[in-house]
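S.K.: Dumping the structure here so I can ask a few things about it.
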Number of protein chains: 2
Amino acid sequence: MIPPERYAERLAGLAAAARSGGVDAVLVGVGPDLEYLTGYRAMPLERLTMLVVTPGSAPVLVVPRLERAAAEVEVRTDVTIDTWDETDDPYALALRDVAAGPNEALHLAVSDRLWASHLLRLQATRPAARFVPASTVLRGLRMIKDADEIELLRRAAHAADRVVGQIAAGRLVGRTEADVAREVRERLVAEGHEEAHFAIVGSGPNSASPHHDASDRVIQPGEPVVLDIGGTIEGYGSDITRTLWVTGGDPANGPDEEFRRLFELVREAQAEASAAARPGMPAERVDRVARGIIEAGGYGAQFIHRLGHGIGLEGHEEPYLVAGNDEPLAAGHAFSIEPGIYLEGRYGARIEDIVVCGRDGPTVLNRAARDLYVVDG
Amino acid sequence: MIPPERYAERLAGLAAAARSGGVDAVLVGVGPDLEYLTGYRAMPLERLTMLVVTPGSAPVLVVPRLERAAAEVEVRTDVTIDTWDETDDPYALALRDVAAGPNEALHLAVSDRLWASHLLRLQATRPAARFVPASTVLRGLRMIKDADEIELLRRAAHAADRVVGQIAAGRLVGRTEADVAREVRERLVAEGHEEAHFAIVGSGPNSASPHHDASDRVIQPGEPVVLDIGGTIEGYGSDITRTLWVTGGDPANGPDEEFRRLFELVREAQAEASAAARPGMPAERVDRVARGIIEAGGYGAQFIHRLGHGIGLEGHEEPYLVAGNDEPLAAGHAFSIEPGIYLEGRYGARIEDIVVCGRDGPTVLNRAARDLYVVDG
């Protein structure tokens with residue numbers, strides 16, 4: 001549970017960042033930014049709900065009148081709530097008290113996940129304003145997880161670890177990927193997630209599609225299964241990937257030579273990159289550590305995605321561990337490290353943990369074994 | 001199941017609407033518009049996935065390379081798939097072949113639910129272009145449900161009807177709203193929904209908060225419970241509200257005189273408005289029918305929201321039944337009709353059905369009784 005005083009600190013931090021960034025107001029719609037700043041997890045809807053953070057003024061939350069009672073209960077910090085009726089113009093209301101600094105055009109930041117329909121209405125209401133994503137002023141705050149946030153990420157990681165163990169110990173052969181995915185989702189909730197968000201179950205050739213969902217394909221003996229699963233606990237995400245090889249009980253159906261070799265490269269790349277993450281290291285350099293190992297093994301062209309992504313109230317958020325991102329890691333950054341090798345049409349493997357960058361080095365939150373899980377299935 | 005040929009028809013319809021609306025390209029991100037046009041239900045992520053529909057050219061779907069295999073499986077119509085790598089600029093790729101008509105500034109439509117972060121990047125890529133919401137050219141198509149869509153809405157409605165019956169027949173007194181909401185969600189899935197999206201359980205004074213979620217409040221004998229629940233079947237939503245009064249088994253705990261009176265007004269307003277919906281009638285006029293009845297009963301100021309919203313691949317979509325919307329209803333429009341009366345701090349009531357406007361008049365999809373459910377609980 002995030003202590004209520006944290007929200008006031010975050011709002012003050014955002015106002016300060018806006019002021020120093022020359023932003024006249026930050027307009028935060030429903031989504032993770034709003035939850036981060038106020039604790040309010042509202043449904044994203046066509047009716048505008050918008051937190052307006054203006055340096056030097058108290059934050060105002062604009063809500064449809066019928067949401068007022070819900071907002072009063074769910075907002076966990078001190079903001080003024082301003083309501084609009086069904087036939088009012090909520091965009092004019094949100095922007096009513098927003099003014100440019102002296103001698104400048106209005107500079108407004110909007111939450112990254114705000115719907116385009118809302119942004120276009122805001123732009124039409126203030127056509128001369130310059131709009132930027134709110135992440136330009138909010139990212140510095142959101143990237144640094146405090147101890148309570150890390151504890152939630154840890155709880156989520158451990159819950160997901162348990163589900164991996166349960167699935168690996170259970171029956172797989174003869175079941176569809178979709179059926180296994182259903183079981184994963186149920187177990188994520190049973191282990192304490194409030195919601196299961198994804199359950200990638202890629203068997204056989206589907207293991208070579210990194211974002212394969214889960215199909216009606218029936219799992220066979222003698223093939224890999226990539227499990228990439230996650231959900232949220234109090235809004236904070238889990239995200240773990242493990243690779244299984246299902247024998248059906250016959251040792252002759254074990255992994256072939258090439259699979260063992262590519263898996264070993266993935267394992268080494270994942271371990272080395274996890275160990276390398278520390279404050280001051282550019283995000284892209286961690287990607288490079290893993291990619292270098294996989295390239296040296298001859299599979300560089302088959303590692304077709306970035307190494308990882310930040311995680312918190314969003315399943316994917318900053319910092320991204322990707323070539324071109326020279327953002328230095330800092331204590332409190334939390335991110336996935338998930339190299340993979342994918343031989344299209346044949347098979348693939350990936351290992352993923354959530355890692356927190358600490359002052360003295362990395363802490364890996366997941367505890368599930370990172371070996372190839374050779375199971376009867 | 002939507003037949004695959006339907007997607008090609010929709011894409012052609014959108015291209016025609018874009019042409020006649022002077023729109024040079026429609027840029028459709030992940031979300032209901034993409035699902036409507038291609039059947040592809042992708043996760044909304046920071047990596048750009050974008051369908052580009054340009055009048056006179058074949059539609060192109062821009063996807064991150066790691067999503068290609070998933071997109072090839074899930075897209076149910078014939079579109080060209082173009083991939084980008086982690087360090088490419090996907091916005092430039094999406095806009096590469098988009099050009100303005102003769103002598104005009106580029107006019108681009110973006111899907112209403114596109115994230116602001118994506119729209120701002122598109123605007124930066126084409127700073128001279130004029131951007132409008134895609135609904136301006138797509139709404140006419142999406143509002144008119146075909147027979148397959150109506151059948152899915154009907155299945156979802158009947159599944160939700162059954163859940164209302166089950167909850168009304170079960171135990172309520174002594175349980176928290178949140179516990180009942182958990183049961184609602186499980187039953188929605190057990191009755192065939194792929195996902196439960198919301199379960200408002202508002203007991204006692206919480207019944208006066210239309211968008212109350214479900215709290216730790218324990219349900220007591222002698223008070224109302226408003227249930228407003230829904231989920232999706234093959235993407236299409238259910239959304240039903242019924243009002244219960246829980247006696248705890250003691251007839252002395254029945255509804256008081258005022259509650260009976262306001263409930264009767266809601267029931268009459270809901271029935272009259274449902275019967276009134278027919279082609280050519282302005283959407284706001286249906287709202288007026290219900291509001292007139294409630295106003296005449298003296299509770300106009302306590303009916304604090306619009307009468308209803310369209311429903312389909314989105315839980316709330318056009319047409320909205322609200323003052324100021326003179327859109328004429330047409331055969332194939334599907335929407336909620338859900339008047340309510342809310343006495344703040346005391347109690348409230350609402351009844352909601354999904355109604356389809358047919359050529360000869362309305363069809364109410366829900367079959368659950370619309371009376372006040374006076375139950376032992």
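Chain labels follow the order of the structure tokens: the first chain is A, the next B, and so on; residue numbering restarts at 1 in every chain, and ligands are counted from 1 in their shown order.
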Output the contact residues of chain A with respect to chain B at a cut-off of 6 Å, based on only C-alpha atoms, as a PDB file with N, CA and C atoms, in the first residue's frame.

M.R.:
```pdb
ATOM      1  N   LEU A  66     -21.350  12.643 -12.362  1.00  0.00           N
ATOM      2  CA  LEU A  66     -21.755  11.317 -11.865  1.00  0.00           C
ATOM      3  C   LEU A  66     -20.582  10.517 -11.337  1.00  0.00           C
ATOM      4  N   GLU A  67     -19.339  10.982 -11.548  1.00  0.00           N
ATOM      5  CA  GLU A  67     -18.174  10.296 -11.002  1.00  0.00           C
ATOM      6  C   GLU A  67     -17.707  10.922  -9.690  1.00  0.00           C
ATOM      7  N   ALA A  69     -18.781  11.205  -6.575  1.00  0.00           N
ATOM      8  CA  ALA A  69     -18.764  10.424  -5.334  1.00  0.00           C
ATOM      9  C   ALA A  69     -17.659   9.368  -5.391  1.00  0.00           C
ATOM     10  N   ALA A  70     -17.528   8.707  -6.531  1.00  0.00           N
ATOM     11  CA  ALA A  70     -16.476   7.693  -6.666  1.00  0.00           C
ATOM     12  C   ALA A  70     -15.102   8.338  -6.527  1.00  0.00           C
ATOM     13  N   ASP A 112       0.637  10.790 -21.449  1.00  0.00           N
ATOM     14  CA  ASP A 112       0.983  10.057 -22.670  1.00  0.00           C
ATOM     15  C   ASP A 112      -0.143   9.168 -23.166  1.00  0.00           C
ATOM     16  N   ARG A 113      -0.951   8.661 -22.233  1.00  0.00           N
ATOM     17  CA  ARG A 113      -2.006   7.730 -22.634  1.00  0.00           C
ATOM     18  C   ARG A 113      -3.361   8.385 -22.834  1.00  0.00           C
ATOM     19  N   LEU A 114      -3.393   9.707 -22.738  1.00  0.00           N
ATOM     20  CA  LEU A 114      -4.660  10.403 -23.000  1.00  0.00           C
ATOM     21  C   LEU A 114      -5.150  10.015 -24.395  1.00  0.00           C
ATOM     22  N   TRP A 115      -6.454   9.847 -24.546  1.00  0.00           N
ATOM     23  CA  TRP A 115      -6.980   9.506 -25.868  1.00  0.00           C
ATOM     24  C   TRP A 115      -6.816  10.680 -26.838  1.00  0.00           C
ATOM     25  N   ALA A 116      -6.535  10.337 -28.098  1.00  0.00           N
ATOM     26  CA  ALA A 116      -6.395  11.355 -29.142  1.00  0.00           C
ATOM     27  C   ALA A 116      -7.636  12.232 -29.225  1.00  0.00           C
ATOM     28  N   SER A 117      -8.826  11.631 -29.029  1.00  0.00           N
ATOM     29  CA  SER A 117     -10.056  12.425 -29.118  1.00  0.00           C
ATOM     30  C   SER A 117     -10.049  13.550 -28.081  1.00  0.00           C
ATOM     31  N   PRO A 133       4.223  15.584 -24.489  1.00  0.00           N
ATOM     32  CA  PRO A 133       3.791  14.497 -23.602  1.00  0.00           C
ATOM     33  C   PRO A 133       4.187  14.796 -22.155  1.00  0.00           C
ATOM     34  N   SER A 209       7.678 -16.763 -32.120  1.00  0.00           N
ATOM     35  CA  SER A 209       6.965 -15.496 -32.268  1.00  0.00           C
ATOM     36  C   SER A 209       6.897 -14.833 -30.896  1.00  0.00           C
ATOM     37  N   PRO A 210       7.720 -13.793 -30.677  1.00  0.00           N
ATOM     38  CA  PRO A 210       7.856 -13.264 -29.312  1.00  0.00           C
ATOM     39  C   PRO A 210       6.530 -12.833 -28.692  1.00  0.00           C
ATOM     40  N   HIS A 211       5.652 -12.264 -29.478  1.00  0.00           N
ATOM     41  CA  HIS A 211       4.378 -11.819 -28.914  1.00  0.00           C
ATOM     42  C   HIS A 211       3.210 -12.675 -29.370  1.00  0.00           C
ATOM     43  N   HIS A 212       3.513 -13.923 -29.674  1.00  0.00           N
ATOM     44  CA  HIS A 212       2.431 -14.885 -29.890  1.00  0.00           C
ATOM     45  C   HIS A 212       1.522 -14.828 -28.675  1.00  0.00           C
TER      46      HIS A 212
END
```

S.K.: Do a neighbour search on stretch 136-148 of chain A at 10 Å with only C-alpha atoms, toss out local chain neighbours closer than 4 positions, and write the hits as a tab-separated table (two decimals) with all heavy atoms, in the first residue's frame.

M.R.:
```tsv
chain	number	residue	atom	x	y	z
A	1	MET	N	0.85	-1.20	0.00
A	1	MET	CA	0.00	0.00	0.00
A	1	MET	C	0.89	1.25	0.00
A	1	MET	O	1.78	1.38	0.85
A	1	MET	CB	-0.87	-0.04	1.27
A	1	MET	CG	-1.93	1.02	1.31
A	1	MET	SD	-3.24	0.71	0.10
A	1	MET	CE	-4.66	1.35	0.98
A	2	ILE	N	0.63	2.14	-0.93
A	2	ILE	CA	1.38	3.40	-1.00
A	2	ILE	C	0.82	4.33	0.08
A	2	ILE	O	-0.37	4.61	0.09
A	2	ILE	CB	1.23	4.03	-2.40
A	2	ILE	CG1	1.61	3.04	-3.51
A	2	ILE	CG2	2.02	5.33	-2.50
A	2	ILE	CD1	3.03	2.59	-3.52
A	3	PRO	N	1.67	4.86	0.96
A	3	PRO	CA	1.15	5.77	2.00
A	3	PRO	C	0.59	7.05	1.37
A	3	PRO	O	1.16	7.56	0.41
A	3	PRO	CB	2.39	6.09	2.85
A	3	PRO	CG	3.45	5.14	2.42
A	3	PRO	CD	3.11	4.67	1.05
A	6	ARG	N	2.61	10.11	0.21
A	6	ARG	CA	3.44	10.00	-0.99
A	6	ARG	C	2.82	10.74	-2.18
A	6	ARG	O	3.53	11.30	-3.02
A	6	ARG	CB	3.62	8.51	-1.33
A	6	ARG	CG	4.82	8.17	-2.17
A	6	ARG	CD	6.15	8.44	-1.46
A	6	ARG	NE	6.21	7.88	-0.13
A	6	ARG	CZ	6.36	6.58	0.14
A	6	ARG	NH1	6.46	5.70	-0.83
A	6	ARG	NH2	6.42	6.15	1.38
A	10	ARG	N	4.48	13.51	-4.64
A	10	ARG	CA	4.58	13.35	-6.09
A	10	ARG	C	3.98	14.55	-6.82
A	10	ARG	O	4.54	15.03	-7.82
A	10	ARG	CB	3.84	12.07	-6.51
A	10	ARG	CG	4.52	10.81	-6.02
A	10	ARG	CD	3.65	9.58	-6.27
A	10	ARG	NE	4.30	8.37	-5.79
A	10	ARG	CZ	3.74	7.15	-5.83
A	10	ARG	NH1	2.52	7.01	-6.33
A	10	ARG	NH2	4.39	6.10	-5.40
A	11	LEU	N	2.84	15.04	-6.33
A	11	LEU	CA	2.21	16.21	-6.96
A	11	LEU	C	3.13	17.43	-6.85
A	11	LEU	O	3.28	18.19	-7.81
A	11	LEU	CB	0.86	16.50	-6.30
A	11	LEU	CG	-0.28	15.57	-6.73
A	11	LEU	CD1	-1.48	15.68	-5.79
A	11	LEU	CD2	-0.71	15.88	-8.17
A	13	GLY	N	6.36	17.30	-6.56
A	13	GLY	CA	7.51	17.03	-7.43
A	13	GLY	C	7.18	17.32	-8.89
A	13	GLY	O	7.99	17.88	-9.63
A	14	LEU	N	5.96	16.98	-9.29
A	14	LEU	CA	5.56	17.24	-10.68
A	14	LEU	C	5.45	18.74	-10.93
A	14	LEU	O	5.89	19.24	-11.97
A	14	LEU	CB	4.23	16.55	-10.98
A	14	LEU	CG	3.64	16.85	-12.36
A	14	LEU	CD1	4.59	16.45	-13.48
A	14	LEU	CD2	2.28	16.17	-12.54
A	15	ALA	N	4.85	19.47	-9.97
A	15	ALA	CA	4.73	20.92	-10.14
A	15	ALA	C	6.11	21.56	-10.28
A	15	ALA	O	6.32	22.43	-11.13
A	15	ALA	CB	3.97	21.53	-8.96
A	16	ALA	N	7.06	21.08	-9.48
A	16	ALA	CA	8.41	21.63	-9.56
A	16	ALA	C	9.05	21.30	-10.91
A	16	ALA	O	9.70	22.14	-11.53
A	16	ALA	CB	9.26	21.07	-8.41
A	17	ALA	N	8.86	20.06	-11.36
A	17	ALA	CA	9.43	19.67	-12.66
A	17	ALA	C	8.80	20.46	-13.80
A	17	ALA	O	9.47	20.85	-14.76
A	17	ALA	CB	9.24	18.17	-12.89
A	18	ALA	N	7.49	20.73	-13.69
A	18	ALA	CA	6.81	21.52	-14.71
A	18	ALA	C	7.38	22.94	-14.74
A	18	ALA	O	7.71	23.48	-15.80
A	18	ALA	CB	5.31	21.54	-14.45
A	19	ARG	N	7.54	23.51	-13.55
A	19	ARG	CA	8.06	24.87	-13.47
A	19	ARG	C	9.45	24.94	-14.11
A	19	ARG	O	9.71	25.79	-14.96
A	19	ARG	CB	8.13	25.34	-12.01
A	19	ARG	CG	8.50	26.82	-11.86
A	19	ARG	CD	8.83	27.18	-10.42
A	19	ARG	NE	7.73	26.95	-9.48
A	19	ARG	CZ	6.73	27.81	-9.27
A	19	ARG	NH1	6.71	28.95	-9.92
A	19	ARG	NH2	5.80	27.51	-8.40
A	20	SER	N	10.31	24.01	-13.73
A	20	SER	CA	11.67	24.10	-14.26
A	20	SER	C	11.71	23.71	-15.74
A	20	SER	O	12.64	24.09	-16.45
A	20	SER	CB	12.64	23.28	-13.42
A	20	SER	OG	12.41	21.91	-13.62
A	21	GLY	N	10.69	22.99	-16.23
A	21	GLY	CA	10.65	22.65	-17.64
A	21	GLY	C	9.90	23.67	-18.49
A	21	GLY	O	9.72	23.47	-19.68
A	22	GLY	N	9.45	24.76	-17.85
A	22	GLY	CA	8.74	25.79	-18.60
A	22	GLY	C	7.34	25.36	-19.03
A	22	GLY	O	6.78	25.90	-19.99
A	23	VAL	N	6.78	24.39	-18.32
A	23	VAL	CA	5.44	23.90	-18.66
A	23	VAL	C	4.42	24.63	-17.79
A	23	VAL	O	4.54	24.65	-16.56
A	23	VAL	CB	5.36	22.37	-18.45
A	23	VAL	CG1	3.92	21.88	-18.48
A	23	VAL	CG2	6.20	21.65	-19.51
A	26	VAL	N	0.18	20.71	-16.45
A	26	VAL	CA	0.21	19.31	-16.83
A	26	VAL	C	-1.22	18.79	-16.75
A	26	VAL	O	-1.87	18.90	-15.70
A	26	VAL	CB	1.14	18.48	-15.91
A	26	VAL	CG1	1.29	17.07	-16.45
A	26	VAL	CG2	2.49	19.16	-15.75
A	32	PRO	N	-2.30	5.51	-15.89
A	32	PRO	CA	-1.27	5.28	-14.88
A	32	PRO	C	-0.71	6.57	-14.27
A	32	PRO	O	-0.38	6.59	-13.09
A	32	PRO	CB	-0.18	4.50	-15.62
A	32	PRO	CG	-0.50	4.63	-17.07
A	32	PRO	CD	-1.95	4.89	-17.19
A	33	ASP	N	-0.63	7.65	-15.05
A	33	ASP	CA	-0.13	8.91	-14.47
A	33	ASP	C	-1.09	9.40	-13.38
A	33	ASP	O	-0.65	9.86	-12.32
A	33	ASP	CB	-0.01	10.00	-15.55
A	33	ASP	CG	1.17	9.76	-16.49
A	33	ASP	OD1	2.06	8.96	-16.14
A	33	ASP	OD2	1.17	10.36	-17.59
A	36	TYR	N	-0.69	7.23	-10.36
A	36	TYR	CA	0.58	7.54	-9.70
A	36	TYR	C	0.46	8.81	-8.85
A	36	TYR	O	0.99	8.87	-7.74
A	36	TYR	CB	1.66	7.73	-10.76
A	36	TYR	CG	3.01	8.10	-10.19
A	36	TYR	CD1	3.84	7.13	-9.62
A	36	TYR	CD2	3.46	9.42	-10.22
A	36	TYR	CE1	5.07	7.47	-9.09
A	36	TYR	CE2	4.70	9.77	-9.69
A	36	TYR	CZ	5.49	8.79	-9.13
A	36	TYR	OH	6.71	9.12	-8.60
A	37	LEU	N	-0.27	9.80	-9.35
A	37	LEU	CA	-0.31	11.11	-8.69
A	37	LEU	C	-1.37	11.21	-7.60
A	37	LEU	O	-1.24	12.01	-6.68
A	37	LEU	CB	-0.53	12.21	-9.73
A	37	LEU	CG	0.64	12.41	-10.71
A	37	LEU	CD1	0.20	13.27	-11.88
A	37	LEU	CD2	1.86	13.03	-10.00
A	109	ALA	N	1.48	20.14	-21.08
A	109	ALA	CA	1.88	18.74	-21.15
A	109	ALA	C	0.63	17.88	-20.93
A	109	ALA	O	-0.16	18.16	-20.03
A	109	ALA	CB	2.94	18.44	-20.09
A	110	VAL	N	0.47	16.84	-21.74
A	110	VAL	CA	-0.69	15.95	-21.61
A	110	VAL	C	-0.20	14.53	-21.33
A	110	VAL	O	0.81	14.10	-21.88
A	110	VAL	CB	-1.57	15.93	-22.88
A	110	VAL	CG1	-2.26	17.27	-23.06
A	110	VAL	CG2	-0.77	15.56	-24.12
A	111	SER	N	-0.95	13.81	-20.49
A	111	SER	CA	-0.51	12.46	-20.14
A	111	SER	C	-0.40	11.61	-21.41
A	111	SER	O	-1.22	11.71	-22.33
A	111	SER	CB	-1.46	11.82	-19.13
A	111	SER	OG	-2.80	11.91	-19.54
A	112	ASP	N	0.64	10.79	-21.45
A	112	ASP	CA	0.98	10.06	-22.67
A	112	ASP	C	-0.14	9.17	-23.17
A	112	ASP	O	-0.27	8.91	-24.35
A	112	ASP	CB	2.24	9.21	-22.44
A	112	ASP	CG	3.48	10.08	-22.24
A	112	ASP	OD1	3.41	11.06	-21.47
A	112	ASP	OD2	4.51	9.78	-22.86
A	132	VAL	N	3.09	18.93	-25.35
A	132	VAL	CA	4.14	17.89	-25.27
A	132	VAL	C	3.60	16.76	-24.38
A	132	VAL	O	2.65	16.95	-23.63
A	132	VAL	CB	5.44	18.45	-24.65
A	132	VAL	CG1	6.05	19.52	-25.54
A	132	VAL	CG2	5.20	18.97	-23.25
A	152	LEU	N	5.93	-3.81	-3.87
A	152	LEU	CA	4.80	-4.32	-4.67
A	152	LEU	C	5.30	-5.08	-5.89
A	152	LEU	O	4.77	-6.13	-6.25
A	152	LEU	CB	3.88	-3.16	-5.08
A	152	LEU	CG	3.07	-2.55	-3.92
A	152	LEU	CD1	2.35	-1.29	-4.38
A	152	LEU	CD2	2.06	-3.56	-3.37
A	153	LEU	N	6.34	-4.54	-6.53
A	153	LEU	CA	6.93	-5.25	-7.68
A	153	LEU	C	7.47	-6.62	-7.25
A	153	LEU	O	7.35	-7.61	-7.97
A	153	LEU	CB	8.05	-4.42	-8.32
A	153	LEU	CG	7.61	-3.19	-9.11
A	153	LEU	CD1	8.82	-2.32	-9.45
A	153	LEU	CD2	6.89	-3.60	-10.40
A	154	ARG	N	8.05	-6.66	-6.05
A	154	ARG	CA	8.60	-7.92	-5.55
A	154	ARG	C	7.48	-8.93	-5.28
A	154	ARG	O	7.58	-10.10	-5.66
A	154	ARG	CB	9.40	-7.65	-4.27
A	154	ARG	CG	10.20	-8.85	-3.75
A	154	ARG	CD	10.79	-8.59	-2.37
A	154	ARG	NE	11.51	-7.32	-2.28
A	154	ARG	CZ	12.78	-7.15	-2.58
A	154	ARG	NH1	13.50	-8.17	-2.97
A	154	ARG	NH2	13.34	-5.96	-2.47
A	310	GLY	N	11.13	-0.72	-18.80
A	310	GLY	CA	10.78	-0.41	-17.43
A	310	GLY	C	9.43	-1.02	-17.07
A	310	GLY	O	8.65	-1.39	-17.94
A	311	ILE	N	9.19	-1.11	-15.77
A	311	ILE	CA	7.91	-1.67	-15.31
A	311	ILE	C	7.52	-0.99	-14.00
A	311	ILE	O	8.40	-0.59	-13.21
A	311	ILE	CB	8.00	-3.21	-15.15
A	311	ILE	CG1	6.62	-3.81	-14.85
A	311	ILE	CG2	9.02	-3.60	-14.07
A	311	ILE	CD1	6.58	-5.33	-15.01
A	312	GLY	N	6.24	-0.82	-13.80
A	312	GLY	CA	5.74	-0.16	-12.58
A	312	GLY	C	4.23	-0.20	-12.67
A	312	GLY	O	3.65	-1.28	-12.73
A	313	LEU	N	3.60	0.97	-12.72
A	313	LEU	CA	2.16	1.03	-12.92
A	313	LEU	C	1.79	0.71	-14.37
A	313	LEU	O	0.63	0.45	-14.67
A	313	LEU	CB	1.62	2.41	-12.54
A	313	LEU	CG	1.55	2.67	-11.03
A	313	LEU	CD1	1.25	4.14	-10.75
A	313	LEU	CD2	0.50	1.79	-10.37
A	317	GLU	N	7.18	0.71	-19.54
A	317	GLU	CA	7.38	2.14	-19.31
A	317	GLU	C	8.86	2.42	-19.35
A	317	GLU	O	9.67	1.51	-19.57
A	317	GLU	CB	6.74	2.55	-17.95
A	317	GLU	CG	7.29	1.82	-16.73
A	317	GLU	CD	6.63	2.29	-15.41
A	317	GLU	OE1	5.39	2.35	-15.35
A	317	GLU	OE2	7.37	2.58	-14.46
A	318	GLU	N	9.26	3.65	-19.14
A	318	GLU	CA	10.68	3.98	-19.15
A	318	GLU	C	11.34	3.47	-17.87
A	318	GLU	O	10.69	3.36	-16.85
A	318	GLU	CB	10.84	5.50	-19.25
A	318	GLU	CG	10.23	6.03	-20.54
A	318	GLU	CD	10.75	7.40	-20.89
A	318	GLU	OE1	11.93	7.48	-21.30
A	318	GLU	OE2	9.99	8.35	-20.73
A	319	PRO	N	12.60	3.14	-17.91
A	319	PRO	CA	13.53	3.24	-19.05
A	319	PRO	C	13.48	2.02	-19.96
A	319	PRO	O	13.29	0.90	-19.48
A	319	PRO	CB	14.90	3.31	-18.35
A	319	PRO	CG	14.73	2.50	-17.11
A	319	PRO	CD	13.31	2.70	-16.68
A	329	LEU	N	21.16	4.63	-16.17
A	329	LEU	CA	20.37	3.98	-15.13
A	329	LEU	C	20.61	4.68	-13.79
A	329	LEU	O	21.67	5.27	-13.57
A	329	LEU	CB	20.74	2.51	-15.02
A	329	LEU	CG	20.41	1.65	-16.25
A	329	LEU	CD1	20.77	0.19	-15.98
A	329	LEU	CD2	18.94	1.77	-16.64
A	330	ALA	N	19.62	4.61	-12.91
A	330	ALA	CA	19.73	5.24	-11.59
A	330	ALA	C	19.13	4.30	-10.56
A	330	ALA	O	18.33	3.43	-10.89
A	330	ALA	CB	19.00	6.58	-11.58
A	331	ALA	N	19.53	4.50	-9.33
A	331	ALA	CA	18.99	3.68	-8.24
A	331	ALA	C	17.48	3.88	-8.19
A	331	ALA	O	17.00	5.02	-8.17
A	331	ALA	CB	19.63	4.07	-6.92
A	332	GLY	N	16.73	2.77	-8.20
A	332	GLY	CA	15.28	2.84	-8.18
A	332	GLY	C	14.65	2.52	-9.52
A	332	GLY	O	13.45	2.29	-9.59
A	333	HIS	N	15.44	2.49	-10.58
A	333	HIS	CA	14.90	2.05	-11.86
A	333	HIS	C	14.56	0.56	-11.78
A	333	HIS	O	15.34	-0.23	-11.22
A	333	HIS	CB	15.92	2.28	-12.99
A	333	HIS	CG	16.04	3.70	-13.41
A	333	HIS	ND1	16.82	4.10	-14.49
A	333	HIS	CD2	15.49	4.83	-12.91
A	333	HIS	CE1	16.73	5.41	-14.63
A	333	HIS	NE2	15.94	5.88	-13.67
A	334	ALA	N	13.43	0.19	-12.34
A	334	ALA	CA	13.01	-1.22	-12.37
A	334	ALA	C	12.68	-1.57	-13.81
A	334	ALA	O	11.99	-0.80	-14.49
A	334	ALA	CB	11.80	-1.44	-11.47
A	335	PHE	N	13.18	-2.71	-14.29
A	335	PHE	CA	13.01	-3.04	-15.71
A	335	PHE	C	13.14	-4.53	-15.92
A	335	PHE	O	13.66	-5.26	-15.08
A	335	PHE	CB	14.05	-2.29	-16.56
A	335	PHE	CG	15.41	-2.23	-15.92
A	335	PHE	CD1	16.28	-3.33	-15.98
A	335	PHE	CD2	15.83	-1.10	-15.23
A	335	PHE	CE1	17.52	-3.29	-15.38
A	335	PHE	CE2	17.07	-1.05	-14.61
A	335	PHE	CZ	17.92	-2.14	-14.69
A	356	VAL	N	15.83	-4.61	-10.35
A	356	VAL	CA	15.84	-3.26	-9.81
A	356	VAL	C	17.29	-2.80	-9.70
A	356	VAL	O	18.14	-3.52	-9.16
A	356	VAL	CB	15.16	-3.19	-8.43
A	356	VAL	CG1	15.29	-1.79	-7.84
A	356	VAL	CG2	13.70	-3.60	-8.53
A	357	CYS	N	17.56	-1.62	-10.22
A	357	CYS	CA	18.90	-1.04	-10.11
A	357	CYS	C	19.02	-0.41	-8.72
A	357	CYS	O	18.25	0.49	-8.37
A	357	CYS	CB	19.08	0.00	-11.20
A	357	CYS	SG	20.69	0.80	-11.17
```

S.K.: Atom CA of B:Pro221 to atom CA of B:Phe263: how many Å, to one decimal?

M.R.: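 Rounded to one decimal, the two atoms are 18.2 Å apart.
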
S.K.: How many Å lie between atom CA of A:Leu227 and atom CA of A:Arg350, rounded to one decimal?

M.R.: 8.8 Å

S.K.: What are the DSSP strand (DSSP E or B) residues of stretch 154-210 of chain A, as a list in words?

M.R.: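 Here is the list: Thr176, Glu195, Ala196, His197, Phe198, Ala199, Ile200, Val201, Gly202 and Ser203 of chain A.
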
S.K.: Quick one: residues within 12 Å of A:Arg96, only C-alpha atoms counted, chain neighbours fewer than 3 positions away excluded, as a PyMOL selection string?

M.R.: chain A and resi 25+52+54+60+62+82+89-93+99-100+122+125-126

S.K.: Step one, run DSSP on the backbone; step two, keep only residues of stretch 72-307 of chain B assigned to helix (DSSP H, G or I); then write them as a PyMOL selection string.

M.R.: chain B and resi 72-74+90-95+116-125+135-143+147-169+177-190+204-208+251-253+257-276+283-296+300-302

S.K.: To one decimal place in Å, what is the distance between atom CA of A:Val98 and atom CA of A:Pro59?

M.R.: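 Straight-line distance from atom CA of A:Val98 to atom CA of A:Pro59 works out to 11.4 Å.
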
S.K.: Pick out the residues sitting within 7 Å of A:Ile240, and hand them over as a PyMOL selection string; count only C-alpha atoms, and ignore anything fewer than 4 positions along from it in its own chain.

M.R.: chain A and resi 160+228-230+352-353
